[in-house]
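Peer 1: For reference, the file entry_36.txt (compact mmCIF, C-alpha atoms and all ligand atoms) is included below:
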```txt
# COMPACT_ATOMS: atom_id res chain seq x y z
CA MET A 5 0.00 0.00 0.00
CA ALA A 6 1.38 3.40 -0.92
CA SER A 7 1.79 5.58 2.15
CA GLN A 8 -0.63 8.42 2.75
CA THR A 9 0.23 11.78 1.21
CA TYR A 10 -1.22 15.26 1.77
CA LYS A 11 -1.65 18.18 -0.62
CA LEU A 12 -0.96 20.90 1.96
CA PHE A 13 2.11 20.84 4.21
CA CYS A 14 2.16 23.33 7.12
CA MET A 15 4.94 24.21 9.55
CA GLY A 16 4.93 26.31 12.70
CA ASN A 17 5.30 26.59 16.45
CA PRO A 18 2.86 24.18 18.14
CA LEU A 19 1.57 26.01 21.21
CA LEU A 20 -1.06 25.41 23.83
CA ASP A 21 -3.06 28.60 24.41
CA VAL A 22 -3.95 29.51 27.99
CA GLN A 23 -6.76 32.03 27.80
CA VAL A 24 -7.98 34.50 30.42
CA THR A 25 -10.81 37.01 30.11
CA ASN A 26 -11.09 40.44 31.74
CA GLY A 27 -7.30 40.76 31.60
CA GLU A 28 -7.05 44.56 32.08
CA GLU A 29 -4.92 44.23 35.22
CA LEU A 30 -2.58 41.79 33.48
CA LEU A 31 -2.06 44.18 30.55
CA LYS A 32 -1.01 46.89 33.00
CA LYS A 33 1.13 44.68 35.18
CA TYR A 34 3.07 43.12 32.28
CA ASP A 35 3.15 46.22 30.10
CA LEU A 36 1.24 44.56 27.25
CA LYS A 37 -0.65 46.14 24.36
CA ALA A 38 -4.33 45.11 24.15
CA ASN A 39 -3.89 43.71 20.62
CA ASP A 40 -0.46 42.29 20.01
CA ALA A 41 1.62 39.11 19.79
CA ILE A 42 5.04 39.00 21.42
CA LEU A 43 7.72 36.61 22.60
CA ALA A 44 7.85 36.58 26.40
CA GLU A 45 10.84 38.39 27.84
CA GLU A 46 12.22 37.71 31.32
CA LYS A 47 9.75 40.19 32.84
CA HIS A 48 6.78 38.33 31.34
CA MET A 49 7.73 34.87 32.57
CA PRO A 50 5.72 34.94 35.81
CA ILE A 51 2.49 35.45 33.80
CA TYR A 52 2.10 31.71 33.10
CA ASP A 53 2.01 30.73 36.76
CA GLU A 54 0.03 33.80 37.73
CA ILE A 55 -2.87 33.21 35.36
CA VAL A 56 -3.18 29.56 36.34
CA LYS A 57 -3.13 30.52 40.04
CA ASN A 58 -5.30 33.65 40.07
CA TYR A 59 -7.57 33.44 37.03
CA LYS A 60 -10.03 31.04 35.54
CA VAL A 61 -8.12 29.78 32.52
CA THR A 62 -9.25 27.92 29.42
CA TYR A 63 -6.77 25.68 27.62
CA VAL A 64 -7.19 25.46 23.89
CA ALA A 65 -4.98 24.30 21.01
CA GLY A 66 -3.06 27.19 19.44
CA GLY A 67 0.03 28.00 17.40
CA ALA A 68 -0.72 30.25 14.44
CA SER A 69 0.11 27.83 11.63
CA GLN A 70 -1.41 24.87 13.45
CA ASN A 71 -4.67 26.82 13.79
CA ALA A 72 -4.66 27.60 10.08
CA ALA A 73 -3.84 23.97 9.27
CA ARG A 74 -6.87 22.83 11.29
CA GLY A 75 -8.92 25.43 9.42
CA ALA A 76 -7.76 24.18 6.03
CA ALA A 77 -8.44 20.58 7.08
CA TYR A 78 -11.95 21.69 8.08
CA VAL A 79 -12.82 22.76 4.53
CA LEU A 80 -10.94 20.02 2.64
CA PRO A 81 -11.61 16.28 2.20
CA PRO A 82 -9.96 13.92 4.71
CA ASN A 83 -6.17 13.40 4.42
CA SER A 84 -5.48 16.74 2.78
CA VAL A 85 -3.36 18.57 5.37
CA VAL A 86 -0.27 17.69 7.41
CA TYR A 87 1.50 19.84 9.99
CA THR A 88 4.93 19.80 11.61
CA GLY A 89 6.62 21.63 14.46
CA CYS A 90 8.46 20.70 17.63
CA VAL A 91 6.82 19.71 20.93
CA GLY A 92 7.92 18.20 24.23
CA ASP A 93 6.98 14.77 25.57
CA ASP A 94 4.21 16.06 27.83
CA GLY A 95 0.46 16.36 28.33
CA LEU A 96 0.34 19.71 26.56
CA ALA A 97 1.40 18.01 23.33
CA ASP A 98 -1.28 15.36 23.85
CA GLN A 99 -3.91 18.08 24.04
CA LEU A 100 -2.69 19.49 20.71
CA ARG A 101 -2.78 16.01 19.16
CA ALA A 102 -6.40 15.57 20.28
CA ALA A 103 -7.48 18.88 18.68
CA ASN A 104 -5.68 18.00 15.46
CA GLU A 105 -7.30 14.60 15.32
CA LEU A 106 -10.76 16.11 15.77
CA ALA A 107 -10.05 18.49 12.88
CA GLY A 108 -8.69 15.74 10.63
CA LEU A 109 -5.20 17.25 10.67
CA ARG A 110 -2.30 14.80 10.44
CA GLU A 111 0.62 15.82 12.62
CA VAL A 112 4.27 14.79 12.26
CA TYR A 113 5.79 16.53 15.27
CA GLN A 114 9.43 16.46 16.15
CA VAL A 115 9.39 15.43 19.83
CA LYS A 116 12.16 16.66 22.13
CA GLN A 117 12.51 14.45 25.20
CA GLY A 118 12.70 16.39 28.44
CA GLU A 119 11.43 19.64 26.90
CA LYS A 120 8.09 21.29 27.59
CA THR A 121 5.66 22.08 24.79
CA GLY A 122 5.35 25.82 24.05
CA ALA A 123 2.54 27.92 25.52
CA CYS A 124 0.83 31.18 24.72
CA ALA A 125 -0.85 33.32 27.38
CA VAL A 126 -3.90 34.82 25.68
CA VAL A 127 -5.00 37.90 27.62
CA LEU A 128 -8.47 38.92 26.50
CA THR A 129 -9.96 42.37 27.09
CA GLY A 130 -13.24 42.86 25.27
CA HIS A 131 -12.65 41.87 21.64
CA ASP A 132 -8.89 42.45 21.85
CA ARG A 133 -6.32 39.74 22.46
CA SER A 134 -2.76 40.06 23.67
CA LEU A 135 -0.58 36.99 23.00
CA VAL A 136 2.51 36.31 25.10
CA THR A 137 4.43 33.25 23.95
CA THR A 138 7.10 31.07 25.47
CA LEU A 139 8.30 28.82 22.67
CA ARG A 140 10.15 26.18 24.74
CA ALA A 141 10.38 23.03 22.54
CA ALA A 142 8.98 24.88 19.49
CA GLU A 143 12.22 26.79 18.95
CA LYS A 144 14.24 23.57 19.08
CA PHE A 145 12.89 22.43 15.71
CA ASP A 146 15.73 21.04 13.60
CA LEU A 147 16.08 21.44 9.87
CA SER A 148 16.99 17.73 9.77
CA HIS A 149 13.40 16.84 10.76
CA LEU A 150 12.31 17.84 7.24
CA SER A 151 14.55 15.17 5.72
CA SER A 152 13.65 12.46 8.26
CA PRO A 153 12.17 9.22 6.85
CA VAL A 154 8.63 10.11 7.93
CA VAL A 155 8.61 13.77 6.88
CA ALA A 156 10.67 13.83 3.67
CA PRO A 157 8.09 11.87 1.58
CA LEU A 158 5.34 14.20 2.86
CA VAL A 159 7.34 17.27 1.77
CA ASP A 160 7.99 15.67 -1.62
CA ALA A 161 4.33 14.79 -2.13
CA ALA A 162 2.85 18.13 -1.02
CA GLU A 163 1.78 20.63 -3.65
CA PHE A 164 1.17 23.60 -1.33
CA PHE A 165 3.11 24.85 1.71
CA TYR A 166 2.08 27.21 4.51
CA VAL A 167 4.40 28.64 7.13
CA GLU A 168 3.88 31.29 9.80
CA GLY A 169 6.20 34.31 9.90
CA PHE A 170 6.63 33.47 13.59
CA PHE A 171 8.90 30.59 12.55
CA LEU A 172 11.48 33.16 11.38
CA THR A 173 12.31 33.87 15.04
CA HIS A 174 14.34 30.65 15.11
CA GLY A 175 13.84 28.51 12.00
CA THR A 176 14.70 30.53 8.90
CA ALA A 177 16.86 27.70 7.53
CA SER A 178 13.85 25.35 7.55
CA VAL A 179 11.61 27.97 5.94
CA LEU A 180 14.21 28.57 3.22
CA GLU A 181 14.49 24.84 2.61
CA LEU A 182 10.74 24.45 2.05
CA SER A 183 10.21 27.68 0.13
CA LYS A 184 13.15 27.18 -2.24
CA LYS A 185 12.06 23.62 -2.93
CA ALA A 186 8.52 24.81 -3.66
CA SER A 187 9.77 27.57 -5.93
CA THR A 188 12.09 25.28 -7.90
CA LEU A 189 9.31 22.74 -8.48
CA SER A 190 6.70 25.46 -9.18
CA LYS A 191 4.66 24.44 -6.16
CA VAL A 192 2.85 27.06 -4.05
CA PHE A 193 4.46 28.56 -0.95
CA ALA A 194 2.33 30.76 1.35
CA LEU A 195 3.64 32.83 4.27
CA ASN A 196 1.76 34.70 6.97
CA LEU A 197 3.52 37.78 8.39
CA SER A 198 2.05 36.71 11.79
CA ALA A 199 2.76 39.81 13.93
CA PRO A 200 4.14 43.35 13.60
CA PHE A 201 7.36 42.34 15.34
CA ILE A 202 8.25 39.93 12.50
CA PRO A 203 8.65 42.58 9.76
CA GLN A 204 10.00 44.96 12.39
CA PHE A 205 12.74 42.83 13.99
CA PHE A 206 13.13 39.91 11.57
CA SER A 207 13.16 41.93 8.38
CA ALA A 208 16.37 40.37 7.01
CA GLN A 209 14.99 36.86 7.52
CA LEU A 210 11.69 37.86 5.92
CA GLN A 211 13.42 39.43 2.90
CA SER A 212 15.45 36.25 2.40
CA ILE A 213 12.22 34.23 2.08
CA LEU A 214 10.12 36.69 0.10
CA PRO A 215 11.52 35.82 -3.38
CA TYR A 216 10.15 32.28 -2.90
CA CYS A 217 6.69 33.28 -1.65
CA ASP A 218 3.65 32.94 -3.89
CA ILE A 219 1.05 34.02 -1.32
CA ILE A 220 1.47 36.51 1.52
CA ILE A 221 -1.28 36.83 4.13
CA ALA A 222 -1.27 39.44 6.90
CA ASN A 223 -3.47 41.82 8.83
CA GLU A 224 -3.40 45.61 8.72
CA SER A 225 -0.97 46.13 11.60
CA GLU A 226 1.51 43.62 10.14
CA ALA A 227 1.19 45.33 6.73
CA GLU A 228 1.91 48.71 8.32
CA ALA A 229 4.89 47.31 10.22
CA TYR A 230 6.20 45.90 6.92
CA ALA A 231 5.82 49.30 5.24
CA ALA A 232 7.69 51.04 8.07
CA ALA A 233 10.48 48.45 8.20
CA SER A 234 11.06 48.48 4.43
CA GLY A 235 10.84 52.26 4.07
CA LEU A 236 7.83 52.21 1.75
CA PRO A 237 6.59 55.74 0.97
CA ASP A 238 3.01 54.95 1.95
CA LYS A 239 2.85 53.47 5.44
CA THR A 240 -0.89 53.11 5.89
CA ASP A 241 -2.46 52.56 2.44
CA LEU A 242 -3.05 48.79 2.46
CA ALA A 243 -3.47 48.52 -1.33
CA ALA A 244 -0.19 50.37 -1.88
CA ILE A 245 1.67 48.15 0.60
CA ALA A 246 0.17 45.00 -0.93
CA ARG A 247 1.22 46.23 -4.39
CA ALA A 248 4.81 46.78 -3.25
CA ILE A 249 5.03 43.24 -1.86
CA ALA A 250 3.25 41.71 -4.87
CA ILE A 251 5.74 43.16 -7.36
CA SER A 252 8.91 42.62 -5.34
CA PRO A 253 11.39 40.20 -7.00
CA LYS A 254 10.26 36.60 -7.34
CA ALA A 255 12.36 33.51 -8.09
CA ASN A 256 9.59 31.63 -9.89
CA ALA A 257 8.43 34.32 -12.31
CA SER A 258 5.85 32.01 -13.90
CA ARG A 259 3.46 32.41 -10.94
CA PRO A 260 2.46 35.96 -9.91
CA ARG A 261 2.52 36.66 -6.17
CA THR A 262 -0.81 37.28 -4.40
CA VAL A 263 -0.96 39.46 -1.29
CA ILE A 264 -4.01 39.47 0.99
CA PHE A 265 -4.48 41.84 3.91
CA THR A 266 -7.33 41.36 6.36
CA HIS A 267 -8.47 44.28 8.48
CA GLY A 268 -10.73 43.03 11.25
CA ALA A 269 -14.34 43.88 10.43
CA GLU A 270 -13.18 46.26 7.69
CA SER A 271 -12.69 45.19 4.08
CA THR A 272 -10.02 42.69 3.02
CA VAL A 273 -7.63 43.88 0.29
CA MET A 274 -6.06 41.59 -2.31
CA VAL A 275 -3.43 42.47 -4.91
CA SER A 276 -2.03 40.13 -7.55
CA GLY A 277 1.40 40.67 -9.04
CA ALA A 278 -0.22 40.03 -12.43
CA THR A 279 -2.44 43.11 -12.07
CA PRO A 280 -0.75 45.14 -9.31
CA ASP A 281 -2.66 48.32 -10.10
CA SER A 282 -6.07 46.71 -9.67
CA PRO A 283 -6.48 45.95 -5.96
CA LYS A 284 -9.58 43.98 -5.07
CA VAL A 285 -11.59 44.93 -2.01
CA PHE A 286 -13.89 42.45 -0.25
CA LYS A 287 -16.48 43.57 2.27
CA VAL A 288 -16.61 41.72 5.58
CA THR A 289 -19.97 40.98 7.19
CA ALA A 290 -19.56 42.44 10.66
CA ILE A 291 -20.58 40.04 13.41
CA PRO A 292 -22.85 41.55 16.06
CA SER A 293 -20.81 42.33 19.14
CA GLU A 294 -22.88 40.06 21.38
CA GLN A 295 -22.07 37.06 19.15
CA ILE A 296 -18.30 37.53 19.46
CA VAL A 297 -16.75 35.28 22.12
CA ASP A 298 -13.14 36.25 21.43
CA THR A 299 -10.96 37.08 18.44
CA ASN A 300 -8.05 34.75 19.22
CA GLY A 301 -7.25 32.79 16.06
CA ALA A 302 -9.55 34.74 13.73
CA GLY A 303 -6.70 35.66 11.40
CA ASP A 304 -5.48 32.07 11.33
CA ALA A 305 -9.02 30.88 10.58
CA PHE A 306 -9.12 33.27 7.62
CA ALA A 307 -5.76 31.94 6.40
CA GLY A 308 -6.89 28.34 6.84
CA GLY A 309 -10.13 28.89 4.98
CA PHE A 310 -8.39 30.81 2.20
CA LEU A 311 -5.73 28.11 1.77
CA GLY A 312 -8.16 25.23 1.97
CA ALA A 313 -10.23 26.77 -0.81
CA PHE A 314 -7.07 27.51 -2.80
CA VAL A 315 -5.92 23.91 -2.51
CA ALA A 316 -9.40 22.84 -3.63
CA GLY A 317 -8.89 24.87 -6.81
CA LYS A 318 -11.34 27.70 -6.06
CA SER A 319 -10.94 31.19 -7.56
CA LEU A 320 -9.06 33.77 -5.47
CA ASP A 321 -12.32 35.65 -4.87
CA ASP A 322 -13.95 32.47 -3.54
CA CYS A 323 -10.90 31.79 -1.37
CA VAL A 324 -11.34 35.18 0.34
CA GLU A 325 -15.03 34.43 0.94
CA VAL A 326 -14.24 31.05 2.52
CA GLY A 327 -11.61 32.79 4.65
CA HIS A 328 -14.18 35.28 5.86
CA LYS A 329 -16.66 32.52 6.73
CA MET A 330 -14.03 30.62 8.72
CA GLY A 331 -13.00 33.80 10.56
CA ALA A 332 -16.64 34.47 11.43
CA MET A 333 -17.09 30.93 12.80
CA CYS A 334 -13.91 31.19 14.86
CA VAL A 335 -14.80 34.42 16.68
CA LYS A 336 -18.09 32.86 17.85
CA LEU A 337 -16.19 30.15 19.77
CA ILE A 338 -13.54 30.18 22.49
CA GLY A 339 -10.08 30.56 20.97
CA PRO A 340 -8.95 29.14 17.63
CA GLN A 341 -11.73 26.58 17.19
CA PHE A 342 -14.37 25.63 14.64
CA PRO A 343 -17.80 24.13 15.20
CA PHE A 344 -18.31 20.35 15.32
CA PRO A 345 -20.27 18.64 13.92
CA LYS A 346 -19.00 20.41 10.83
CA VAL A 347 -20.88 23.25 9.20
CA SER A 348 -20.44 23.50 5.44
CA VAL A 349 -18.63 26.62 4.20
C1 LIG B 1 6.77 33.08 18.04
N1 LIG B 1 5.42 33.43 18.47
C2 LIG B 1 5.32 34.63 19.24
C3 LIG B 1 4.32 32.65 18.10
C4 LIG B 1 3.00 32.91 18.51
C5 LIG B 1 1.97 32.09 18.01
N2 LIG B 1 2.21 31.06 17.18
C6 LIG B 1 3.48 30.85 16.83
N3 LIG B 1 4.52 31.61 17.27
N4 LIG B 1 2.42 33.83 19.34
C7 LIG B 1 1.10 33.59 19.33
N5 LIG B 1 0.83 32.53 18.55
C8 LIG B 1 -0.47 31.92 18.25
O1 LIG B 1 -1.23 32.80 17.51
C9 LIG B 1 -2.56 32.33 17.58
C10 LIG B 1 -3.52 33.42 17.25
O2 LIG B 1 -3.31 33.89 15.98
C11 LIG B 1 -1.28 31.62 19.50
O3 LIG B 1 -0.99 30.33 19.98
C12 LIG B 1 -2.72 31.75 18.99
O4 LIG B 1 -3.38 30.51 18.92
```
Here is a file; write its structure as structure tokens.
Peer 2:
Amino acid sequence: MASQTYKLFCMGNPLLDVQVTNGEELLKKYDLKANDAILAEEKHMPIYDEIVKNYKVTYVAGGASQNAARGAAYVLPPNSVVYTGCVGDDGLADQLRAANELAGLREVYQVKQGEKTGACAVVLTGHDRSLVTTLRAAEKFDLSHLSSPVVAPLVDAAEFFYVEGFFLTHGTASVLELSKKASTLSKVFALNLSAPFIPQFFSAQLQSILPYCDIIIANESEAEAYAAASGLPDKTDLAAIARAIAISPKANASRPRTVIFTHGAESTVMVSGATPDSPKVFKVTAIPSEQIVDTNGAGDAFAGGFLGAFVAGKSLDDCVEVGHKMGAMCVKLIGPQFPFPKVSV
């Protein structure tokens, strides 16, 4: 029997999210912005014990790319999506495995004995979310895992790749390996900018990957951070920023780059390198405030829906619509989750 293959291969930091609501005090105490994603510094480290001790916490599977991978699996037939990243040999990893299994996502983790699985403190205030991550095992991912006997055939068989910009904090070599391979074989490589601090502080790493990227997904604050970091003349016009990224040099010139910027409840903007002066704008159906549980994972849900539809061969316009539907479903549930039994999208 031929071994199972998957069309979409995803890579990222597998994290368990630890969510708290009414986190105003925590924002103040740890000097956090209401809507942000950061790597925990020394001063943030006590937050993980503090929330478990003093707050009612909810544990839910997270990790930006893993969330998107579950989203793509949600809209695709079984055995379509596989995900890799590095975890520890602990109960946190088991919780991630359970969520992936429910979503129909195959996982091929690298497991580091004696390490703890990464965690993300999700501090919710109203509809804002502040993410504070300790990567632990996630940043121990080795490039060699991609050429291991289990993973290498999955990389070879995949036709589409998705990686979070977050991975550039420690794993640029692995991202280059996948993206160059995709580019050479004219497969599709998609990257999410993930957070403002990626274009801001990991600009060199990002620029080294960009020539191999076919699809770039980001939100408005990441787009603005990119514009500032790369000295673009227009720092707030999303269509202009998307255009600049879409036309920047590309190794595989046969496939134009597509750039998609979401903007919360405001319209999504899409620019194709084939027609960079014709940005497309897609209205978002605003969800009534009382139906929003939290916004953690909404951007990943969009990315997952978009990619799933793309892998299924849908038009770019349809991909954006599926992304919007998945984002809408995600914000109505706690954290980065989708409804089961499945709803058709
Ligand atoms: C390297 N960092 C900071 C991160 C993350 C991250 N995923 C990977 N790397 N910081 C937060 N997240 C995840 O983002 C999701 C929401 O988009 C959280 O785990 C959360 O599920």
Peer 1: Which chains and residue numbers are within 9 Å of ligand LIG 1 (chain B), counting all atoms listed in the file, if I want them as a PyMOL selection string?
Peer 2: chain A and resi 16-22+40-44+64-72+122-126+133-139+142-143+168-174+198-199+201-202+299-305+339-340
Peer 1: Tell me which protein, DNA and RNA residues are within 6 Å of Gly308 (chain A), counting only C-alpha atoms, leaving out same-chain ones fewer than 5 positions away, and put them as a PyMOL selection string.
Peer 2: chain A and resi 72-73+75-76
Peer 1: By how many Å are CA of Asn104 (chain A) and CA of Ala162 (chain A) apart?
Peer 2: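 Distance reported for this atom pair: 18.6 Å.
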Peer 1: If you measure from CA of Ala257 (chain A) to CA of Asp322 (chain A), what distance in Å do you get, rounded to one decimal?
Peer 2: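 Distance reported for this atom pair: 24.1 Å.
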Peer 1: With all atoms listed in the file as the counted atoms, please give the residues lying no more than 12 Å from Ile251 (chain A), apart from itself and same-chain residues fewer than 5 positions off, as a PyMOL selection string.
Peer 2: chain A and resi 214-215+217-220+244-246+257+259-263+275-281
Peer 1: Find the residue from A:Val167, A:Ala250, A:Leu197, A:Val127 that sits nearest to Ser183 (chain A); use all atoms listed in the file when measuring.
Peer 2: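 For Ser183 (chain A), the nearest of the given residues is A:Val167.
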Peer 1: Could you name the residues that touch Gly118 (chain A) at 10 Å or less, counting only C-alpha atoms, but leaving out those on the same chain fewer than 3 positions away, as a list of chain:residue names?
Peer 2: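 In the requested form, the answer reads A:Gly92, A:Asp93, A:Asp94, A:Val115, A:Thr121, A:Ala141.
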Peer 1: For the residues selected in the previous step, produce a file with C-alpha atoms as a PDB file, in the frame of the given file.
Peer 2:
```
ATOM      1  CA  GLY A  92       7.920  18.200  24.230  1.00  0.00           C
ATOM      2  CA  ASP A  93       6.980  14.770  25.570  1.00  0.00           C
ATOM      3  CA  ASP A  94       4.210  16.060  27.830  1.00  0.00           C
ATOM      4  CA  VAL A 115       9.390  15.430  19.830  1.00  0.00           C
ATOM      5  CA  THR A 121       5.660  22.080  24.790  1.00  0.00           C
ATOM      6  CA  ALA A 141      10.380  23.030  22.540  1.00  0.00           C
TER       7      ALA A 141
END
```
Peer 1: Extract, using only C-alpha atoms, all DNA, RNA and protein residues at most 6 Å from Ala222 (chain A), discarding same-chain residues fewer than 3 positions from it, and format them as a list in words.
Peer 2: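 Final neighbour list, sorted by chain and number: Asn196, Leu197, Glu226 and Phe265 of chain A.
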Peer 1: I need the residue nearest Tyr59 (chain A) from this list: A:Asp321, A:Leu12, A:Val24, A:Gly130. Use all atoms listed in the file for the distance.
Peer 2: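 Using all atoms listed in the file, the shortest distance to Tyr59 (chain A) belongs to A:Val24.
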Peer 1: Pick out the closest residue to Leu36 (chain A) from this set: A:Thr9, A:Ser84, A:Val155, A:Thr129. Count all atoms listed in the file.
Peer 2: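 For Leu36 (chain A), the nearest of the given residues is A:Thr129.
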Peer 1: Would you pick out the contacts of Thr240 (chain A) at 10 Å or less, using only C-alpha atoms, so that residues sharing its chain but fewer than 6 positions from it are not included, and give the list as JSON, numbers by chain?
Peer 2: {"A": [224, 225, 227, 228, 229, 231, 232]}
Peer 1: Kindly give the distance, in Å, that separates CA of Leu150 (chain A) and CA of Val86 (chain A), rounded to a single decimal.
Peer 2: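 Separation of CA of Leu150 (chain A) and CA of Val86 (chain A): 12.6 Å.
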Peer 1: Taking (-19.8, 30.8, 16.1) in the file's own coordinates, collect the residues within 12 Å, counting only C-alpha atoms, and hand them back as a ChimeraX atom specification.
Peer 2: /A:291-299,302,329-344,346-347
Peer 1: Of the candidates A:Asn58, A:Asn223, A:Leu311, A:Val179, which one gets nearest to Pro200 (chain A) if we count all atoms listed in the file?
Peer 2: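 Distance minimum relative to Pro200 (chain A) lands on A:Asn223.
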Peer 1: Pick the closest to Leu100 (chain A) from A:Arg74, A:Ala307, A:Leu189, A:Leu80: which is it, counting only C-alpha atoms?
Peer 2: A:Arg74
Peer 1: Any chance you could build region 154-165 of chain A out to N, CA and C atoms and write it as a compact mmCIF listing (two decimals), in the coordinates of the input?
Peer 2:
```txt
# COMPACT_ATOMS: atom_id res chain seq x y z
N VAL A 154 10.08 9.91 7.92
CA VAL A 154 8.63 10.11 7.93
C VAL A 154 8.23 11.40 7.20
N VAL A 155 9.03 12.46 7.37
CA VAL A 155 8.61 13.77 6.88
C VAL A 155 9.00 14.00 5.41
N ALA A 156 10.18 13.54 5.02
CA ALA A 156 10.67 13.83 3.67
C ALA A 156 9.66 13.43 2.57
N PRO A 157 9.06 12.22 2.65
CA PRO A 157 8.09 11.87 1.58
C PRO A 157 6.85 12.78 1.59
N LEU A 158 6.51 13.31 2.77
CA LEU A 158 5.34 14.20 2.86
C LEU A 158 5.66 15.56 2.21
N VAL A 159 6.90 16.02 2.42
CA VAL A 159 7.34 17.27 1.77
C VAL A 159 7.35 17.07 0.26
N ASP A 160 7.89 15.93 -0.17
CA ASP A 160 7.99 15.67 -1.62
C ASP A 160 6.61 15.58 -2.27
N ALA A 161 5.65 15.01 -1.54
CA ALA A 161 4.33 14.79 -2.13
C ALA A 161 3.44 16.03 -2.10
N ALA A 162 3.73 16.96 -1.17
CA ALA A 162 2.85 18.13 -1.02
C ALA A 162 2.93 19.03 -2.25
N GLU A 163 1.81 19.70 -2.52
CA GLU A 163 1.78 20.63 -3.65
C GLU A 163 1.70 22.08 -3.18
N PHE A 164 1.34 22.26 -1.90
CA PHE A 164 1.17 23.60 -1.33
C PHE A 164 1.85 23.59 0.05
N PHE A 165 2.44 24.73 0.41
CA PHE A 165 3.11 24.85 1.71
C PHE A 165 2.61 26.12 2.40
```
